[in-house]
Amino acid sequence: KQEVTQIPAALSVPEGENLVLNCSFTDSAIYNLQWFRQDPGKGLTSLLLIQSSQREQTSGRLNASLDKSSGRSTLYIAASQPGDSATYLCAVLMDSNYQLIWGAGTKLIIKP
Amino acid sequence: GAGVSQSPRYKVAKRGQDVALRCDPISGHVSLFWYQQALGQGPEFLTYFQNEAQLDKSGLPSDRFFAERPEGSVSTLKIQRTQQEDSAVYLCASSFTGTTAGETQYFGPGTRLLVL
């Protein structure tokens, strides 16, 4: 059974710092991996999607990497801003399936 | 519509009460998903519809949970005889076809259910 783990559970850093969020999964037979942002009362927003054949994806100040064989993904946020404060979740999609399997998230606080 | 909408946004129920949660997916989206998110946890899959057909209900935690999408658009998740452990945020998501693996799911804001 696929298990997705995110470390740390919470992170607080000063504005302007670069930071890395971690996601690990136990079954490497994934179709893709996604990083989502969750703001209180506003649902989930997809940030980056990495197909299993890809190594990384970039969007603005965000860069996500995927090492499928080791079961790891990282989300790198450059030059963090207070507006980046949110909970970040990773989710994997298994081969030939539509069910997303989620980590518990990392709650990020960027201090002005 | 512009996005997935859910109502009510907040619901407080007394234990034993029945509740109904509504999801309006993006217009034209074939697939609809329901997830349950407990406090401090990631979402967990409940059920999946393709048009009006419920193709997977393997995630529904008990027979007190029932979901329907009779006309292939709006969906309702009903919880009978609510228990305190049902307290969670219930998320709805839709996707264009759902038949293409990895297709983006668009999420609504969720309904926060508190059972007292």
# chains A, B, ... in the order shown; residues from 1 in each chain; ligands from 1
$ closest_atom_pairs --of "chain B" --to "chain A" --cutoff "7 Å" --atoms "only C-alpha atoms" --output "Markdown table"
| residue | atom | partner | partner_atom | distance |
| --- | --- | --- | --- | --- |
| B:Gly40 | CA | A:Ala104 | CA | 6.5 |
| B:Gln41 | CA | A:Ala104 | CA | 4.3 |
| B:Gly42 | CA | A:Ala104 | CA | 4.1 |
| B:Pro43 | CA | A:Trp102 | CA | 6.3 |
| B:Phe45 | CA | A:Gln99 | CA | 6.7 |
| B:Ala101 | CA | A:Ser96 | CA | 6.2 |
| B:Gly102 | CA | A:Asn32 | CA | 6.7 |
| B:Phe107 | CA | A:Leu44 | CA | 5.7 |
| B:Gly108 | CA | A:Gly43 | CA | 5.5 |
| B:Pro109 | CA | A:Gly43 | CA | 3.8 |
| B:Gly110 | CA | A:Gly43 | CA | 6.1 |
$ select_by_dssp --residues "range 27-69 of chain B" --states "strand (DSSP E or B)" --output "VMD selection string"
chain B and resid 31 to 37 44 to 50 53 to 56 65 to 68
$ residues_around --residues "range 9-17 of chain B" --least-positions-apart "2" --cutoff "10 Å" --atoms "only C-alpha atoms" --output "PDB file with N, CA and C atoms, in the first residue's frame"
ATOM      1  N   GLY A  41      -9.808  27.793   3.976  1.00  0.00           N
ATOM      2  CA  GLY A  41     -11.077  28.200   3.397  1.00  0.00           C
ATOM      3  C   GLY A  41     -11.075  28.384   1.897  1.00  0.00           C
TER       4      GLY A  41
ATOM      5  N   SER B   5     -17.711  24.758  -6.850  1.00  0.00           N
ATOM      6  CA  SER B   5     -18.285  25.376  -5.655  1.00  0.00           C
ATOM      7  C   SER B   5     -18.926  24.312  -4.779  1.00  0.00           C
ATOM      8  N   GLN B   6     -18.909  24.587  -3.488  1.00  0.00           N
ATOM      9  CA  GLN B   6     -19.459  23.647  -2.522  1.00  0.00           C
ATOM     10  C   GLN B   6     -20.325  24.410  -1.517  1.00  0.00           C
ATOM     11  N   SER B   7     -21.377  23.752  -1.070  1.00  0.00           N
ATOM     12  CA  SER B   7     -22.227  24.364  -0.050  1.00  0.00           C
ATOM     13  C   SER B   7     -22.812  23.291   0.857  1.00  0.00           C
ATOM     14  N   VAL B  19     -26.874  14.816   7.338  1.00  0.00           N
ATOM     15  CA  VAL B  19     -26.424  16.019   6.644  1.00  0.00           C
ATOM     16  C   VAL B  19     -26.288  15.736   5.151  1.00  0.00           C
ATOM     17  N   ALA B  20     -26.386  16.788   4.363  1.00  0.00           N
ATOM     18  CA  ALA B  20     -26.212  16.688   2.907  1.00  0.00           C
ATOM     19  C   ALA B  20     -25.274  17.794   2.461  1.00  0.00           C
ATOM     20  N   LEU B  21     -24.237  17.414   1.749  1.00  0.00           N
ATOM     21  CA  LEU B  21     -23.230  18.357   1.274  1.00  0.00           C
ATOM     22  C   LEU B  21     -23.305  18.396  -0.251  1.00  0.00           C
ATOM     23  N   ARG B  22     -23.265  19.599  -0.793  1.00  0.00           N
ATOM     24  CA  ARG B  22     -23.470  19.766  -2.229  1.00  0.00           C
ATOM     25  C   ARG B  22     -22.184  20.187  -2.922  1.00  0.00           C
ATOM     26  N   ILE B  79     -24.527  12.071   4.643  1.00  0.00           N
ATOM     27  CA  ILE B  79     -24.045  11.308   5.786  1.00  0.00           C
ATOM     28  C   ILE B  79     -25.213  11.126   6.741  1.00  0.00           C
ATOM     29  N   GLN B  80     -25.552   9.900   7.001  1.00  0.00           N
ATOM     30  CA  GLN B  80     -26.670   9.605   7.898  1.00  0.00           C
ATOM     31  C   GLN B  80     -26.155   9.363   9.310  1.00  0.00           C
ATOM     32  N   ARG B  81     -26.969   9.731  10.274  1.00  0.00           N
ATOM     33  CA  ARG B  81     -26.667   9.443  11.695  1.00  0.00           C
ATOM     34  C   ARG B  81     -25.209   9.820  12.014  1.00  0.00           C
ATOM     35  N   THR B  82     -24.902  11.103  11.806  1.00  0.00           N
ATOM     36  CA  THR B  82     -23.520  11.565  11.942  1.00  0.00           C
ATOM     37  C   THR B  82     -22.924  11.214  13.295  1.00  0.00           C
ATOM     38  N   GLN B  83     -21.637  10.919  13.263  1.00  0.00           N
ATOM     39  CA  GLN B  83     -20.853  10.617  14.456  1.00  0.00           C
ATOM     40  C   GLN B  83     -19.745  11.656  14.574  1.00  0.00           C
ATOM     41  N   GLN B  84     -19.171  11.769  15.750  1.00  0.00           N
ATOM     42  CA  GLN B  84     -18.127  12.762  15.961  1.00  0.00           C
ATOM     43  C   GLN B  84     -16.927  12.519  15.053  1.00  0.00           C
ATOM     44  N   GLU B  85     -16.635  11.271  14.753  1.00  0.00           N
ATOM     45  CA  GLU B  85     -15.489  10.973  13.886  1.00  0.00           C
ATOM     46  C   GLU B  85     -15.717  11.393  12.441  1.00  0.00           C
ATOM     47  N   ASP B  86     -16.942  11.806  12.114  1.00  0.00           N
ATOM     48  CA  ASP B  86     -17.219  12.309  10.763  1.00  0.00           C
ATOM     49  C   ASP B  86     -16.768  13.759  10.609  1.00  0.00           C
ATOM     50  N   SER B  87     -16.414  14.405  11.709  1.00  0.00           N
ATOM     51  CA  SER B  87     -15.966  15.800  11.633  1.00  0.00           C
ATOM     52  C   SER B  87     -14.707  15.889  10.780  1.00  0.00           C
ATOM     53  N   VAL B  89     -13.129  18.152   6.859  1.00  0.00           N
ATOM     54  CA  VAL B  89     -13.445  18.960   5.682  1.00  0.00           C
ATOM     55  C   VAL B  89     -13.716  18.001   4.535  1.00  0.00           C
ATOM     56  N   TYR B  90     -14.810  18.211   3.851  1.00  0.00           N
ATOM     57  CA  TYR B  90     -15.174  17.369   2.710  1.00  0.00           C
ATOM     58  C   TYR B  90     -14.916  18.170   1.437  1.00  0.00           C
ATOM     59  N   PRO B 109     -13.692  24.688  -2.427  1.00  0.00           N
ATOM     60  CA  PRO B 109     -13.172  25.188  -1.155  1.00  0.00           C
ATOM     61  C   PRO B 109     -13.437  24.253   0.021  1.00  0.00           C
ATOM     62  N   GLY B 110     -14.309  23.286  -0.176  1.00  0.00           N
ATOM     63  CA  GLY B 110     -14.588  22.339   0.896  1.00  0.00           C
ATOM     64  C   GLY B 110     -15.756  22.746   1.772  1.00  0.00           C
ATOM     65  N   THR B 111     -16.332  21.761   2.432  1.00  0.00           N
ATOM     66  CA  THR B 111     -17.337  21.979   3.476  1.00  0.00           C
ATOM     67  C   THR B 111     -16.744  21.469   4.771  1.00  0.00           C
ATOM     68  N   ARG B 112     -16.668  22.354   5.749  1.00  0.00           N
ATOM     69  CA  ARG B 112     -16.150  21.950   7.061  1.00  0.00           C
ATOM     70  C   ARG B 112     -17.314  21.482   7.910  1.00  0.00           C
ATOM     71  N   LEU B 113     -17.318  20.200   8.267  1.00  0.00           N
ATOM     72  CA  LEU B 113     -18.388  19.597   9.067  1.00  0.00           C
ATOM     73  C   LEU B 113     -17.887  19.372  10.488  1.00  0.00           C
ATOM     74  N   LEU B 114     -18.662  19.855  11.431  1.00  0.00           N
ATOM     75  CA  LEU B 114     -18.362  19.635  12.846  1.00  0.00           C
ATOM     76  C   LEU B 114     -19.557  18.934  13.475  1.00  0.00           C
ATOM     77  N   VAL B 115     -19.316  17.758  14.008  1.00  0.00           N
ATOM     78  CA  VAL B 115     -20.381  16.990  14.657  1.00  0.00           C
ATOM     79  C   VAL B 115     -20.187  17.059  16.166  1.00  0.00           C
ATOM     80  N   LEU B 116     -21.193  17.577  16.850  1.00  0.00           N
ATOM     81  CA  LEU B 116     -21.092  17.749  18.303  1.00  0.00           C
ATOM     82  C   LEU B 116     -21.740  16.599  19.058  1.00  0.00           C
TER      83      LEU B 116
END
$ residues_around --residues "range 24-26 of chain A" --least-positions-apart "3" --cutoff "8 Å" --atoms "only C-alpha atoms" --output "short mmCIF file (atom, residue, chain, number, x, y, z; two decimals) with N, CA, C and O atoms, in the first residue's frame"
data_model
loop_
_atom_site.label_atom_id
_atom_site.label_comp_id
_atom_site.auth_asym_id
_atom_site.auth_seq_id
_atom_site.Cartn_x
_atom_site.Cartn_y
_atom_site.Cartn_z
N GLN A 2 0.58 2.16 -0.92
CA GLN A 2 1.37 3.39 -1.04
C GLN A 2 1.18 4.26 0.20
O GLN A 2 0.06 4.49 0.66
N GLU A 3 2.28 4.76 0.73
CA GLU A 3 2.24 5.72 1.83
C GLU A 3 3.08 6.93 1.45
O GLU A 3 4.19 6.79 0.92
N VAL A 4 2.54 8.10 1.71
CA VAL A 4 3.21 9.35 1.37
C VAL A 4 3.48 10.11 2.67
O VAL A 4 2.56 10.31 3.47
N THR A 5 4.72 10.53 2.85
CA THR A 5 5.13 11.20 4.08
C THR A 5 5.75 12.54 3.74
O THR A 5 6.54 12.64 2.79
N GLN A 6 5.39 13.55 4.52
CA GLN A 6 5.97 14.87 4.31
C GLN A 6 6.66 15.34 5.59
O GLN A 6 6.09 15.27 6.68
N GLY A 71 12.11 7.22 -4.23
CA GLY A 71 10.83 7.56 -3.62
C GLY A 71 10.83 8.92 -2.96
O GLY A 71 10.26 9.07 -1.86
N ARG A 72 11.43 9.91 -3.62
CA ARG A 72 11.52 11.22 -3.00
C ARG A 72 11.19 12.34 -3.99
O ARG A 72 11.51 12.25 -5.17
N SER A 73 10.60 13.39 -3.44
CA SER A 73 10.40 14.62 -4.19
C SER A 73 10.66 15.79 -3.26
O SER A 73 10.43 15.70 -2.05
#
$ residues_around --residues "Asn63 in chain A" --least-positions-apart "6" --cutoff "10 Å" --atoms "only C-alpha atoms" --output "ChimeraX atom specification"
/A:20,47-48,56-57,74-78
$ closest_residue --among "A:Ala29, A:Ala79, A:Ile110, A:Ala86" --to "Asp67 in chain A" --atoms "only C-alpha atoms"
A:Ala29
$ closest_residue --among "B:Leu39, B:Leu60, B:Leu55, B:Val74" --to "Val4 in chain B" --atoms "only C-alpha atoms"
B:Val74
$ residues_around --residues "Asn51 in chain B" --least-positions-apart "6" --cutoff "7 Å" --atoms "only C-alpha atoms" --output "VMD selection string"
chain B and resid 30 to 31 72 to 73
$ closest_residue --among "B:Gly28, B:Asp18, B:Leu77, B:Pro8" --to "Thr47 in chain B" --atoms "only C-alpha atoms"
B:Leu77
$ decode --residues "range 81-105 of chain A" --atoms "C-alpha atoms" --output "compact mmCIF listing (two decimals), in the first residue's frame"
# COMPACT_ATOMS: atom_id res chain seq x y z
CA GLN A 81 7.50 35.85 0.74
CA PRO A 82 4.78 36.18 3.41
CA GLY A 83 2.23 35.34 0.72
CA ASP A 84 3.80 31.90 0.43
CA SER A 85 2.43 31.04 3.87
CA ALA A 86 0.12 28.06 3.42
CA THR A 87 0.04 24.31 3.78
CA TYR A 88 1.84 22.46 1.01
CA LEU A 89 0.73 18.94 0.15
CA CYS A 90 2.20 16.39 -2.19
CA ALA A 91 0.10 13.69 -3.81
CA VAL A 92 0.99 10.75 -6.01
CA LEU A 93 -1.06 9.10 -8.71
CA MET A 94 -0.44 5.42 -9.16
CA ASP A 95 -0.13 3.86 -12.59
CA SER A 96 -3.44 3.47 -14.40
CA ASN A 97 -5.44 4.99 -11.60
CA TYR A 98 -7.25 8.20 -10.80
CA GLN A 99 -6.94 8.10 -7.03
CA LEU A 100 -4.55 10.63 -5.58
CA ILE A 101 -2.69 9.46 -2.47
CA TRP A 102 -1.74 12.35 -0.25
CA GLY A 103 0.80 13.33 2.33
CA ALA A 104 -0.32 15.12 5.48
CA GLY A 105 1.25 18.39 4.37
